[in-house]
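J.: Following this line is my_file.tsv, made up of TSV, C-alpha atoms:
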```
chain	number	residue	atom	x	y	z
A	1241	MET	CA	106.79	-22.97	-33.74
A	1242	VAL	CA	110.46	-23.27	-32.82
A	1243	ARG	CA	110.67	-26.91	-31.77
A	1244	ARG	CA	110.03	-29.95	-33.92
A	1245	LEU	CA	106.61	-31.38	-33.08
A	1246	LEU	CA	106.62	-35.16	-32.70
A	1247	ILE	CA	103.15	-36.76	-32.75
A	1248	ASP	CA	102.71	-40.41	-31.81
A	1249	VAL	CA	99.95	-41.85	-34.01
A	1250	THR	CA	100.72	-45.52	-33.32
A	1251	ASP	CA	97.25	-46.50	-32.15
A	1252	THR	CA	95.39	-44.53	-34.81
A	1253	VAL	CA	97.20	-46.11	-37.76
A	1254	ALA	CA	96.90	-49.58	-36.20
A	1255	VAL	CA	93.08	-49.72	-36.21
A	1256	SER	CA	90.71	-50.06	-39.14
A	1257	PHE	CA	88.15	-47.57	-37.82
A	1258	THR	CA	88.15	-43.87	-37.00
A	1259	SER	CA	85.72	-43.31	-34.16
A	1260	GLY	CA	86.09	-41.62	-30.82
A	1261	ILE	CA	89.68	-40.75	-29.96
A	1262	GLN	CA	91.02	-42.00	-33.29
A	1263	ARG	CA	88.72	-39.57	-35.12
A	1264	VAL	CA	90.06	-36.70	-33.01
A	1265	VAL	CA	93.67	-37.68	-33.75
A	1266	LYS	CA	92.89	-38.03	-37.45
A	1267	GLU	CA	91.07	-34.72	-37.84
A	1268	LEU	CA	93.61	-32.68	-35.88
A	1269	THR	CA	96.74	-34.29	-37.28
A	1270	LEU	CA	95.62	-33.89	-40.90
A	1271	ARG	CA	95.07	-30.18	-40.33
A	1272	LEU	CA	98.33	-29.71	-38.44
A	1273	LEU	CA	100.13	-31.23	-41.42
A	1274	GLU	CA	98.46	-28.69	-43.72
A	1275	GLN	CA	99.28	-25.65	-41.62
A	1276	THR	CA	102.73	-26.34	-40.15
A	1277	ASN	CA	105.96	-27.71	-41.58
A	1278	ASN	CA	107.81	-28.98	-38.53
A	1279	ILE	CA	105.66	-32.03	-37.72
A	1280	VAL	CA	107.00	-35.56	-37.53
A	1281	LEU	CA	104.51	-38.43	-37.38
A	1282	LEU	CA	105.68	-41.40	-35.36
A	1283	SER	CA	104.58	-45.03	-35.13
A	1284	PHE	CA	106.31	-47.21	-32.55
A	1285	ASP	CA	108.05	-50.36	-33.80
A	1286	GLU	CA	107.71	-52.76	-30.89
A	1287	LYS	CA	110.20	-55.28	-32.34
A	1288	ARG	CA	113.03	-52.80	-32.84
A	1289	LYS	CA	112.04	-50.61	-29.88
A	1290	ARG	CA	112.20	-47.43	-31.91
A	1291	TYR	CA	109.88	-45.12	-33.78
A	1292	ASN	CA	109.22	-45.25	-37.49
A	1293	ILE	CA	108.81	-41.85	-39.12
A	1294	LEU	CA	105.71	-41.97	-41.31
A	1295	ASN	CA	105.50	-40.40	-44.73
A	1296	PRO	CA	102.88	-37.62	-44.38
A	1297	THR	CA	101.37	-38.23	-47.82
A	1298	SER	CA	100.75	-41.90	-47.18
A	1299	PHE	CA	99.38	-41.11	-43.69
A	1300	ARG	CA	96.95	-38.63	-45.20
A	1301	ALA	CA	95.83	-41.17	-47.79
A	1302	LYS	CA	95.18	-43.81	-45.11
A	1303	MET	CA	93.24	-41.38	-42.94
A	1304	LEU	CA	91.09	-40.42	-45.93
A	1305	GLY	CA	90.19	-44.04	-46.53
A	1306	GLN	CA	92.32	-44.58	-49.60
A	1307	LYS	CA	93.77	-48.02	-50.21
A	1308	SER	CA	97.43	-47.22	-49.88
A	1309	LYS	CA	100.15	-48.66	-47.69
A	1310	LEU	CA	101.76	-46.53	-45.03
A	1311	GLN	CA	105.26	-45.58	-46.10
A	1312	ILE	CA	108.16	-45.13	-43.71
A	1313	SER	CA	110.56	-42.29	-44.43
A	1314	GLY	CA	113.01	-42.94	-41.61
A	1315	THR	CA	113.46	-44.04	-38.01
A	1316	LEU	CA	113.89	-42.25	-34.70
A	1317	SER	CA	115.25	-43.76	-31.52
A	1318	ILE	CA	113.85	-42.59	-28.22
A	1319	ASN	CA	117.36	-41.59	-27.18
A	1320	ALA	CA	117.48	-39.13	-30.09
A	1321	ILE	CA	114.49	-37.11	-28.88
A	1322	GLY	CA	115.84	-34.04	-27.12
A	1323	SER	CA	115.72	-30.31	-26.40
A	1324	SER	CA	114.78	-29.33	-29.94
A	1325	ASP	CA	111.64	-31.49	-29.79
A	1326	CYS	CA	108.15	-31.36	-28.35
A	1327	PHE	CA	106.50	-34.75	-27.94
A	1328	LEU	CA	102.70	-34.55	-28.28
A	1329	ASP	CA	100.34	-37.37	-27.30
A	1330	MET	CA	96.72	-37.25	-28.46
A	1331	ASP	CA	95.95	-40.96	-28.80
A	1332	SER	CA	94.70	-43.57	-26.32
A	1333	VAL	CA	98.29	-44.26	-25.33
A	1334	TRP	CA	97.51	-45.70	-21.89
A	1335	ASN	CA	96.72	-48.90	-23.82
A	1336	SER	CA	100.23	-49.04	-25.26
A	1337	TYR	CA	101.72	-52.24	-23.85
A	1338	PHE	CA	105.16	-51.68	-25.32
A	1339	LEU	CA	105.78	-48.05	-24.49
A	1340	ARG	CA	104.26	-47.12	-21.15
A	1341	ARG	CA	104.20	-43.38	-20.56
A	1342	GLN	CA	105.42	-43.82	-16.98
A	1343	HIS	CA	108.67	-45.05	-18.54
A	1344	LEU	CA	108.76	-42.88	-21.69
A	1345	TYR	CA	108.00	-39.46	-20.21
A	1346	PRO	CA	110.76	-39.38	-17.57
A	1347	GLN	CA	113.31	-40.40	-20.22
A	1348	LEU	CA	112.16	-37.71	-22.62
A	1349	LYS	CA	112.20	-35.17	-19.82
A	1350	SER	CA	115.75	-36.11	-18.83
A	1351	GLN	CA	116.81	-35.60	-22.47
A	1352	GLY	CA	115.38	-32.08	-22.50
A	1353	ALA	CA	112.30	-32.68	-24.64
A	1354	LYS	CA	109.08	-30.82	-23.99
A	1355	ILE	CA	105.98	-32.95	-23.39
A	1356	GLY	CA	102.34	-32.16	-24.05
A	1357	THR	CA	99.26	-34.39	-23.84
A	1358	LEU	CA	95.69	-34.11	-25.01
A	1359	VAL	CA	93.80	-35.67	-22.09
A	1360	HIS	CA	90.35	-36.59	-23.37
A	1361	ASP	CA	88.93	-37.22	-19.90
A	1362	VAL	CA	89.86	-38.53	-16.45
A	1363	ILE	CA	86.83	-40.78	-16.05
A	1364	PRO	CA	88.88	-43.87	-15.02
A	1365	VAL	CA	90.01	-41.80	-12.02
A	1366	THR	CA	86.82	-39.94	-11.14
A	1367	HIS	CA	84.34	-42.70	-12.06
A	1368	PRO	CA	86.22	-46.02	-12.17
A	1369	GLN	CA	82.97	-47.94	-11.61
A	1370	TYR	CA	81.96	-47.16	-15.20
A	1371	CYS	CA	85.23	-48.31	-16.75
A	1372	HIS	CA	86.69	-51.70	-17.54
A	1373	GLN	CA	89.13	-52.83	-14.84
A	1374	ASP	CA	91.96	-53.08	-17.41
A	1375	THR	CA	91.37	-49.46	-18.44
A	1376	VAL	CA	91.57	-48.28	-14.83
A	1377	PHE	CA	94.69	-50.36	-14.20
A	1378	HIS	CA	96.56	-48.86	-17.16
A	1379	PHE	CA	95.11	-45.35	-17.01
A	1380	LEU	CA	96.22	-44.51	-13.47
A	1381	PRO	CA	100.00	-44.72	-14.08
A	1382	TYR	CA	99.53	-42.97	-17.43
A	1383	LEU	CA	97.77	-40.02	-15.81
A	1384	ALA	CA	100.33	-39.94	-13.01
A	1385	ALA	CA	103.05	-39.58	-15.65
A	1386	VAL	CA	101.10	-36.76	-17.31
A	1387	LEU	CA	100.80	-34.87	-14.01
A	1388	GLN	CA	104.44	-35.42	-13.08
A	1389	TYR	CA	106.24	-34.85	-16.39
A	1390	ASP	CA	104.08	-32.84	-18.81
A	1391	ASP	CA	104.93	-29.24	-19.63
A	1392	PHE	CA	101.40	-28.50	-20.78
A	1393	ILE	CA	98.06	-30.29	-21.08
A	1394	ILE	CA	95.21	-29.89	-23.54
A	1395	VAL	CA	91.61	-30.83	-22.67
A	1396	THR	CA	88.29	-30.55	-24.47
A	1397	THR	CA	86.17	-29.01	-21.70
A	1398	GLN	CA	86.51	-26.69	-18.74
A	1399	ALA	CA	85.02	-29.46	-16.61
A	1400	THR	CA	87.98	-31.75	-17.38
A	1401	LYS	CA	90.39	-28.86	-16.85
A	1402	ASP	CA	88.95	-28.32	-13.37
A	1403	GLN	CA	89.23	-32.02	-12.56
A	1404	ILE	CA	92.89	-32.15	-13.63
A	1405	HIS	CA	93.70	-28.96	-11.75
A	1406	ASN	CA	92.20	-30.50	-8.61
A	1407	LEU	CA	94.33	-33.61	-9.15
A	1408	PHE	CA	97.46	-31.44	-9.32
A	1409	ILE	CA	96.52	-29.81	-6.01
A	1410	SER	CA	95.57	-33.06	-4.26
A	1411	CYS	CA	98.85	-34.67	-5.37
A	1412	SER	CA	100.87	-31.60	-4.25
A	1413	ILE	CA	102.24	-31.11	-7.78
A	1414	GLU	CA	102.73	-27.66	-9.26
A	1415	PRO	CA	100.09	-27.25	-12.00
A	1416	VAL	CA	101.20	-26.73	-15.60
A	1417	PRO	CA	99.27	-24.73	-18.23
A	1418	ILE	CA	96.02	-26.46	-19.23
A	1419	TYR	CA	94.39	-25.36	-22.48
A	1420	VAL	CA	90.75	-25.98	-23.39
A	1421	VAL	CA	90.30	-26.94	-27.04
A	1422	PRO	CA	86.74	-28.21	-27.69
A	1423	LEU	CA	86.00	-30.99	-30.14
A	1424	GLY	CA	84.96	-30.12	-33.64
A	1425	SER	CA	82.62	-31.52	-36.24
A	1426	ASN	CA	82.56	-32.13	-39.96
A	1427	PHE	CA	78.97	-33.24	-40.23
A	1428	GLN	CA	77.33	-33.85	-43.55
A	1429	PRO	CA	75.10	-30.90	-44.49
A	1430	VAL	CA	71.53	-31.56	-43.38
A	1431	SER	CA	70.26	-30.76	-46.87
A	1432	LYS	CA	72.20	-33.75	-48.22
A	1433	ILE	CA	70.78	-36.32	-45.80
A	1434	THR	CA	68.48	-38.71	-47.65
A	1435	SER	CA	67.28	-42.28	-47.26
A	1436	HIS	CA	69.87	-43.48	-49.75
A	1437	ASN	CA	72.47	-45.80	-48.19
A	1438	VAL	CA	70.13	-46.34	-45.24
A	1439	GLY	CA	69.11	-49.87	-44.29
A	1440	ASN	CA	65.52	-51.00	-44.62
A	1441	ASN	CA	65.22	-51.59	-40.87
A	1442	VAL	CA	66.33	-48.04	-40.13
A	1443	LYS	CA	63.78	-46.70	-42.59
A	1444	ARG	CA	61.12	-48.85	-40.94
A	1445	PHE	CA	62.00	-47.53	-37.48
A	1446	VAL	CA	61.78	-43.92	-38.68
A	1447	GLN	CA	58.49	-44.54	-40.46
A	1448	SER	CA	56.98	-46.18	-37.36
A	1449	GLY	CA	56.37	-42.79	-35.76
A	1450	SER	CA	58.04	-39.97	-33.82
A	1451	TYR	CA	60.85	-41.17	-31.58
A	1452	LEU	CA	63.35	-40.28	-28.93
A	1453	MET	CA	66.86	-41.31	-29.90
A	1454	MET	CA	69.91	-42.29	-27.92
A	1455	MET	CA	73.15	-42.49	-29.89
A	1456	GLY	CA	76.44	-43.97	-28.69
A	1457	THR	CA	78.27	-47.13	-27.75
A	1458	LEU	CA	76.33	-49.33	-25.35
A	1459	GLU	CA	78.37	-49.38	-22.16
A	1460	PRO	CA	77.59	-48.82	-18.44
A	1461	ARG	CA	78.73	-45.18	-18.39
A	1462	LYS	CA	76.29	-44.14	-21.11
A	1463	ASN	CA	73.39	-45.26	-18.89
A	1464	HIS	CA	71.04	-46.75	-21.49
A	1465	ARG	CA	69.22	-48.44	-18.61
A	1466	PHE	CA	67.90	-45.06	-17.53
A	1467	LEU	CA	66.09	-44.57	-20.82
A	1468	LEU	CA	64.54	-48.02	-20.68
A	1469	ASP	CA	63.52	-47.41	-17.05
A	1470	ALA	CA	61.91	-44.13	-18.12
A	1471	TRP	CA	60.03	-46.01	-20.82
A	1472	ASP	CA	58.61	-48.44	-18.29
A	1473	GLU	CA	57.74	-45.60	-15.92
A	1474	GLY	CA	55.72	-43.49	-18.33
A	1475	LEU	CA	57.36	-42.82	-21.70
A	1476	ASN	CA	55.46	-45.83	-23.03
A	1477	LYS	CA	52.24	-43.91	-22.47
A	1478	THR	CA	53.35	-41.08	-24.76
A	1479	PRO	CA	53.03	-41.13	-28.58
A	1480	LEU	CA	56.83	-41.39	-28.92
A	1481	ASN	CA	58.86	-44.48	-29.72
A	1482	ILE	CA	62.51	-45.09	-28.77
A	1483	VAL	CA	65.45	-45.71	-31.10
A	1484	ILE	CA	68.77	-46.79	-29.57
A	1485	ALA	CA	71.74	-46.77	-31.96
A	1486	GLY	CA	75.37	-47.73	-31.42
A	1487	ARG	CA	77.96	-50.45	-31.13
A	1488	ILE	CA	77.63	-52.99	-28.32
A	1489	GLY	CA	80.45	-52.34	-25.88
A	1490	TRP	CA	81.66	-54.04	-22.73
A	1491	ASN	CA	79.76	-55.28	-19.65
A	1492	ILE	CA	76.39	-54.52	-21.15
A	1493	GLU	CA	75.11	-58.03	-21.84
A	1494	ASP	CA	72.37	-57.89	-19.21
A	1495	PHE	CA	71.00	-54.65	-20.64
A	1496	VAL	CA	71.05	-55.96	-24.22
A	1497	GLU	CA	69.18	-59.07	-23.04
A	1498	ARG	CA	66.61	-56.93	-21.22
A	1499	LEU	CA	66.25	-54.71	-24.27
A	1500	LYS	CA	65.69	-57.54	-26.74
A	1501	LYS	CA	63.29	-59.39	-24.44
A	1502	HIS	CA	61.20	-56.31	-23.75
A	1503	SER	CA	57.57	-56.71	-24.83
A	1504	ASP	CA	57.83	-53.50	-26.89
A	1505	PHE	CA	61.10	-54.44	-28.63
A	1506	ASP	CA	60.90	-54.04	-32.40
A	1507	LYS	CA	57.40	-52.66	-31.99
A	1508	ARG	CA	58.01	-49.32	-30.30
A	1509	ILE	CA	61.55	-49.80	-29.00
A	1510	PHE	CA	64.10	-50.18	-31.80
A	1511	PHE	CA	67.81	-50.96	-31.83
A	1512	VAL	CA	70.28	-50.12	-34.62
A	1513	GLU	CA	73.55	-51.93	-34.03
A	1514	GLY	CA	76.61	-50.26	-35.55
A	1515	PRO	CA	74.83	-47.67	-37.74
A	1516	SER	CA	76.66	-46.29	-40.78
A	1517	ASP	CA	77.44	-42.57	-41.05
A	1518	SER	CA	74.49	-42.18	-43.42
A	1519	GLU	CA	72.18	-43.94	-40.96
A	1520	VAL	CA	73.43	-41.82	-38.08
A	1521	GLY	CA	72.59	-38.62	-39.94
A	1522	TYR	CA	69.22	-39.98	-41.05
A	1523	LEU	CA	68.28	-40.99	-37.50
A	1524	TYR	CA	69.32	-37.64	-36.04
A	1525	GLN	CA	67.46	-35.69	-38.72
A	1526	ASN	CA	64.16	-37.46	-38.10
A	1527	ALA	CA	64.23	-37.72	-34.28
A	1528	TYR	CA	61.76	-35.84	-32.10
A	1529	ALA	CA	64.59	-35.31	-29.61
A	1530	VAL	CA	67.87	-36.86	-28.46
A	1531	VAL	CA	68.19	-38.27	-24.94
A	1532	PHE	CA	71.63	-38.31	-23.31
A	1533	PRO	CA	71.46	-39.77	-19.76
A	1534	THR	CA	75.22	-40.30	-19.41
A	1535	PHE	CA	76.84	-40.55	-15.98
A	1536	GLU	CA	80.02	-38.77	-17.11
A	1537	GLU	CA	81.69	-37.57	-20.31
A	1538	GLY	CA	84.90	-36.09	-21.55
A	1539	PHE	CA	82.93	-33.94	-23.99
A	1540	GLY	CA	79.52	-35.28	-25.06
A	1541	LEU	CA	79.62	-35.34	-28.85
A	1542	PRO	CA	75.98	-36.51	-29.30
A	1543	ILE	CA	74.86	-33.14	-27.94
A	1544	ILE	CA	76.48	-31.12	-30.70
A	1545	GLU	CA	75.56	-33.78	-33.25
A	1546	ALA	CA	71.91	-33.34	-32.27
A	1547	PHE	CA	72.17	-29.55	-32.47
A	1548	HIS	CA	73.73	-29.79	-35.92
A	1549	TYR	CA	70.62	-31.61	-37.10
A	1550	GLY	CA	68.35	-29.16	-35.28
A	1551	ARG	CA	67.17	-31.71	-32.73
A	1552	PRO	CA	66.31	-30.82	-29.11
A	1553	VAL	CA	68.41	-32.52	-26.44
A	1554	PHE	CA	67.40	-33.85	-23.03
A	1555	ALA	CA	70.66	-34.48	-21.15
A	1556	SER	CA	71.73	-35.55	-17.70
A	1557	ASP	CA	72.37	-32.65	-15.34
A	1558	ILE	CA	76.15	-32.93	-15.01
A	1559	PRO	CA	78.76	-30.16	-15.50
A	1560	VAL	CA	80.13	-31.34	-18.83
A	1561	CYS	CA	76.67	-31.63	-20.41
A	1562	ARG	CA	75.74	-28.14	-19.24
A	1563	GLU	CA	79.04	-26.81	-20.57
A	1564	VAL	CA	78.56	-28.32	-24.03
A	1565	GLY	CA	74.78	-27.93	-24.26
A	1566	GLY	CA	74.44	-24.58	-22.51
A	1567	LYS	CA	71.07	-22.87	-22.86
A	1568	TYR	CA	70.18	-24.94	-25.91
A	1569	ALA	CA	69.47	-28.20	-24.06
A	1570	GLU	CA	67.14	-29.28	-21.25
A	1571	TYR	CA	68.54	-31.19	-18.27
A	1572	PHE	CA	67.21	-33.83	-15.92
A	1573	SER	CA	68.45	-35.41	-12.71
A	1574	LEU	CA	69.61	-39.02	-12.80
A	1575	ASN	CA	67.92	-39.62	-9.45
A	1576	SER	CA	64.63	-40.63	-11.03
A	1577	PRO	CA	63.63	-41.70	-14.58
A	1578	LYS	CA	60.26	-40.05	-13.94
A	1579	GLU	CA	61.99	-36.66	-14.19
A	1580	LEU	CA	62.84	-37.42	-17.81
A	1581	VAL	CA	59.27	-38.58	-18.39
A	1582	SER	CA	57.94	-35.28	-17.03
A	1583	LEU	CA	60.38	-33.29	-19.16
A	1584	VAL	CA	59.33	-35.07	-22.35
A	1585	LYS	CA	55.63	-34.68	-21.52
A	1586	LYS	CA	56.17	-30.98	-20.89
A	1587	TYR	CA	57.17	-30.46	-24.52
A	1588	LEU	CA	54.62	-32.89	-25.91
A	1589	ASP	CA	51.92	-30.91	-24.12
A	1590	SER	CA	53.22	-27.62	-25.53
A	1591	PRO	CA	54.05	-27.80	-29.25
A	1592	LYS	CA	54.75	-24.06	-29.15
A	1593	ASN	CA	57.56	-24.50	-26.63
A	1594	TYR	CA	58.91	-27.43	-28.62
A	1595	GLU	CA	59.08	-25.33	-31.79
A	1596	LYS	CA	60.62	-22.47	-29.84
A	1597	MET	CA	63.32	-24.83	-28.57
A	1598	LYS	CA	64.08	-25.96	-32.13
A	1599	GLN	CA	64.27	-22.36	-33.33
A	1600	GLN	CA	66.71	-21.49	-30.56
A	1601	ILE	CA	68.96	-24.37	-31.63
A	1602	GLN	CA	69.36	-22.68	-35.03
A	1603	CYS	CA	71.55	-20.10	-33.26
A	1604	TYR	CA	73.96	-22.76	-32.02
A	1605	HIS	CA	77.37	-22.78	-33.69
A	1606	ALA	CA	79.34	-26.02	-33.57
A	1607	LEU	CA	83.06	-25.58	-34.14
A	1608	SER	CA	84.47	-27.08	-37.31
A	1609	TRP	CA	87.62	-29.19	-37.13
A	1610	ASP	CA	89.40	-26.36	-38.97
A	1611	GLU	CA	88.51	-23.95	-36.18
A	1612	VAL	CA	89.56	-26.47	-33.54
A	1613	ALA	CA	92.89	-27.07	-35.29
A	1614	ASN	CA	93.53	-23.32	-35.32
A	1615	MET	CA	92.88	-23.19	-31.57
A	1616	LEU	CA	95.29	-26.10	-31.07
A	1617	ILE	CA	97.97	-24.42	-33.19
A	1618	GLU	CA	97.60	-21.27	-31.10
A	1619	CYS	CA	98.21	-23.29	-27.93
A	1620	LEU	CA	101.17	-25.10	-29.45
A	1621	THR	CA	102.67	-21.84	-30.70
A	1622	THR	CA	102.54	-20.49	-27.17
A	1623	GLU	CA	104.33	-23.54	-25.79
A	1624	LEU	CA	106.88	-24.13	-28.55
```
Take the structure in the file and give it back as structure tokens.

T.:
Amino acid sequence: MVRRLLIDVTDTVAVSFTSGIQRVVKELTLRLLEQTNNIVLLSFDEKRKRYNILNPTSFRAKMLGQKSKLQISGTLSINAIGSSDCFLDMDSVWNSYFLRRQHLYPQLKSQGAKIGTLVHDVIPVTHPQYCHQDTVFHFLPYLAAVLQYDDFIIVTTQATKDQIHNLFISCSIEPVPIYVVPLGSNFQPVSKITSHNVGNNVKRFVQSGSYLMMMGTLEPRKNHRFLLDAWDEGLNKTPLNIVIAGRIGWNIEDFVERLKKHSDFDKRIFFVEGPSDSEVGYLYQNAYAVVFPTFEEGFGLPIIEAFHYGRPVFASDIPVCREVGGKYAEYFSLNSPKELVSLVKKYLDSPKNYEKMKQQIQCYHALSWDEVANMLIECLTTEL
């Protein structure tokens, strides 16, 4: 790499958790630090309107969960970012109230800097009905800045690449290179998953019988309602229970109320709110299958999580799910919950086919974060 690589990690170091986008930033940045020597980690100082340069050792310690304070090794004004630099965004920067990309990118461009962005998805544009209104409001100008000023874009699926390419064409903007770098995994080895560090309720749910599991934050886009509808329309007549696990997100209060008031709740329908990493692995390992009825995704991490634990997946029939799940998953239309019911019954009625599906999953290879980082470095080397 010829240019200095500036990575804005403001949002990642500001939160106390590493899930979703923050996990991606963490995993990739740690590996970039190990393999390259021209990286500068930046955290924006909103009071002084400049970047703080973070000490890499203290950043690594924080990302690894160690109790150490982030150390600052210097400062960098926005005016000082120029032709010898490449500015890389991987975080959820559309939420940055103090440094909007529609203002930052044109300034960096005018100063000769190169700009690259990891765009996790364009759901607020393609499916705004499943996003919070604030997210849509802030995401649109952010994405417009990406299309207008970026020199290259990184995405996690071909489906997102196609969507962005179409946006370039519809906006009459000359497309820039778009690289597909899938998400990785660093799952705990299945052989090490035990009931230790697993709550008693979770153990009880698992011991109550075979179950279908749905993992992920409860929000409209994930479509938990579909699974509950399928239960009422026939899954309840099968020998399988349901386990729903995840944080409670936004605009989902009516579903949570319906869930907890259901006559089968805590009898055959179980809910694990905010499961720990150990509980997540334990639930995956013991599930009959994973159900993923999402309306839209940037990637669809629960699919590869399920495969890692050798669990069959029933996913919604959308391009990104087919791209990630390929021949290893089964797909159902979101037009009718009864289609999911029929799909589940098909495998319940044929244990041979169910075992064959599980055997096929053993051939699936999920990329490690090391492999993903190498792919990212290859893209960056091409651009820098």

J.: Using all atoms listed in the file, which residue out of A:Ala1485, A:Gln1599, A:Trp1334, A:Ile1393 lies closest to A:Val1376?

T.: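 Among the listed residues, the smallest separation from A:Val1376 belongs to A:Trp1334.
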
J.: Rounded to one decimal, what separation in Å do you get between atom CA of A:Val1438 and atom CA of A:Glu1519?

T.: 5.3 Å

J.: Enter the distance from atom CA of A:Glu1513 to atom CA of A:Glu1545, in Å, rounded to one decimal.

T.: 18.3 Å

J.: Report as a PyMOL selection string all protein, DNA and RNA residues lying within 9 Å of stretch 1527-1539 of chain A, evaluated on only C-alpha atoms, omitting residues in the same chain fewer than 6 positions from it.

T.: chain A and resi 1359-1363+1367+1370+1395-1397+1399-1400+1422-1423+1446+1450-1455+1460-1464+1466-1467+1480+1483+1546+1551-1561+1563-1564+1572-1574+1580+1584

J.: For each of A:Val1520, A:Glu1623, A:Thr1478, A:Glu1493, take the minimum atom-to-atom distance to A:Val1581, counting only C-alpha atoms, then give the residue where this is smallest.

T.: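 With only C-alpha atoms as the atom set, the closest residue is A:Thr1478.
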
J.: What is the atom CA of A:Lys1302-atom CA of A:Leu1270 distance in Å, reported with one decimal?

T.: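 According to the coordinates, atom CA of A:Lys1302 and atom CA of A:Leu1270 are separated by 10.8 Å.
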
J.: Counting only C-alpha atoms, which of A:Pro1346, A:Gly1486, A:Gly1260, A:Gly1521 gets nearest to A:Gly1540?

T.: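 Checking each of A:Pro1346, A:Gly1486, A:Gly1260, A:Gly1521 against A:Gly1540, counting only C-alpha atoms, the winner is A:Gly1260.
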
J.: Quick one: of A:Val1496, A:Ile1601, A:Val1512, A:Leu1468, who's nearest to A:Phe1547, counting all atoms listed in the file?

T.: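 Nearest candidate to A:Phe1547 out of A:Val1496, A:Ile1601, A:Val1512, A:Leu1468: A:Ile1601.
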
J.: With only C-alpha atoms as the counted atoms, please give the residues lying no more than 6 Å from A:Leu1281, apart from itself and same-chain residues fewer than 5 positions off, as JSON, numbers by chain.

T.: {"A": [1247, 1293, 1294]}

J.: Which is closest to A:Gln1388 among A:Leu1620, A:Ile1484, A:Leu1407, A:Leu1246, if we use all atoms listed in the file?

T.: A:Leu1407

J.: From the options A:Leu1588, A:Leu1358, A:Leu1310, A:Cys1603, which residue's atoms come nearest to A:Tyr1568, counting all atoms listed in the file?

T.: A:Cys1603

J.: Near A:Ser1608, within 12 Å and counting only C-alpha atoms, which residues show up once chain neighbours fewer than 5 positions away are dropped, as a list in words?

T.: Val1264, Glu1267, Leu1268, Arg1271, Val1421, Pro1422, Leu1423, Gly1424, Ser1425, Asn1426, Phe1427, Gln1428, Ile1544, Glu1545, His1548, Ala1613, Asn1614 and Met1615 of chain A

J.: Could you please take those selected residues and save C-alpha atoms as a short mmCIF file (atom, residue, chain, number, x, y, z; two decimals), in the coordinates of the input?

T.:
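Writing the result to out-v4.cif gives the following:
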```cif
data_model
loop_
_atom_site.label_atom_id
_atom_site.label_comp_id
_atom_site.auth_asym_id
_atom_site.auth_seq_id
_atom_site.Cartn_x
_atom_site.Cartn_y
_atom_site.Cartn_z
CA VAL A 1264 90.06 -36.70 -33.01
CA GLU A 1267 91.07 -34.72 -37.84
CA LEU A 1268 93.61 -32.68 -35.88
CA ARG A 1271 95.07 -30.18 -40.33
CA VAL A 1421 90.30 -26.94 -27.04
CA PRO A 1422 86.74 -28.21 -27.69
CA LEU A 1423 86.00 -30.99 -30.14
CA GLY A 1424 84.96 -30.12 -33.64
CA SER A 1425 82.62 -31.52 -36.24
CA ASN A 1426 82.56 -32.13 -39.96
CA PHE A 1427 78.97 -33.24 -40.23
CA GLN A 1428 77.33 -33.85 -43.55
CA ILE A 1544 76.48 -31.12 -30.70
CA GLU A 1545 75.56 -33.78 -33.25
CA HIS A 1548 73.73 -29.79 -35.92
CA ALA A 1613 92.89 -27.07 -35.29
CA ASN A 1614 93.53 -23.32 -35.32
CA MET A 1615 92.88 -23.19 -31.57
#
```

J.: Using all atoms listed in the file, which residues sit within 12 Å of A:Phe1505 once same-chain residues fewer than 3 positions away are excluded, as a tab-separated table (two decimals) with C-alpha atoms, in the frame of the given file?

T.:
```
chain	number	residue	atom	x	y	z
A	1445	PHE	CA	62.00	-47.53	-37.48
A	1468	LEU	CA	64.54	-48.02	-20.68
A	1471	TRP	CA	60.03	-46.01	-20.82
A	1476	ASN	CA	55.46	-45.83	-23.03
A	1481	ASN	CA	58.86	-44.48	-29.72
A	1482	ILE	CA	62.51	-45.09	-28.77
A	1483	VAL	CA	65.45	-45.71	-31.10
A	1484	ILE	CA	68.77	-46.79	-29.57
A	1496	VAL	CA	71.05	-55.96	-24.22
A	1497	GLU	CA	69.18	-59.07	-23.04
A	1498	ARG	CA	66.61	-56.93	-21.22
A	1499	LEU	CA	66.25	-54.71	-24.27
A	1500	LYS	CA	65.69	-57.54	-26.74
A	1501	LYS	CA	63.29	-59.39	-24.44
A	1502	HIS	CA	61.20	-56.31	-23.75
A	1508	ARG	CA	58.01	-49.32	-30.30
A	1509	ILE	CA	61.55	-49.80	-29.00
A	1510	PHE	CA	64.10	-50.18	-31.80
A	1511	PHE	CA	67.81	-50.96	-31.83
A	1512	VAL	CA	70.28	-50.12	-34.62
```

J.: Can you tell me, as a list in words, what residues are no more than 8 Å from A:Phe1392 when counting only C-alpha atoms, ignoring any on the same chain fewer than 5 positions away?

T.: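 The neighbour list is Ile1355, Gly1356, Thr1357, Val1416, Pro1417, Ile1418, Tyr1419 and Glu1623 of chain A.
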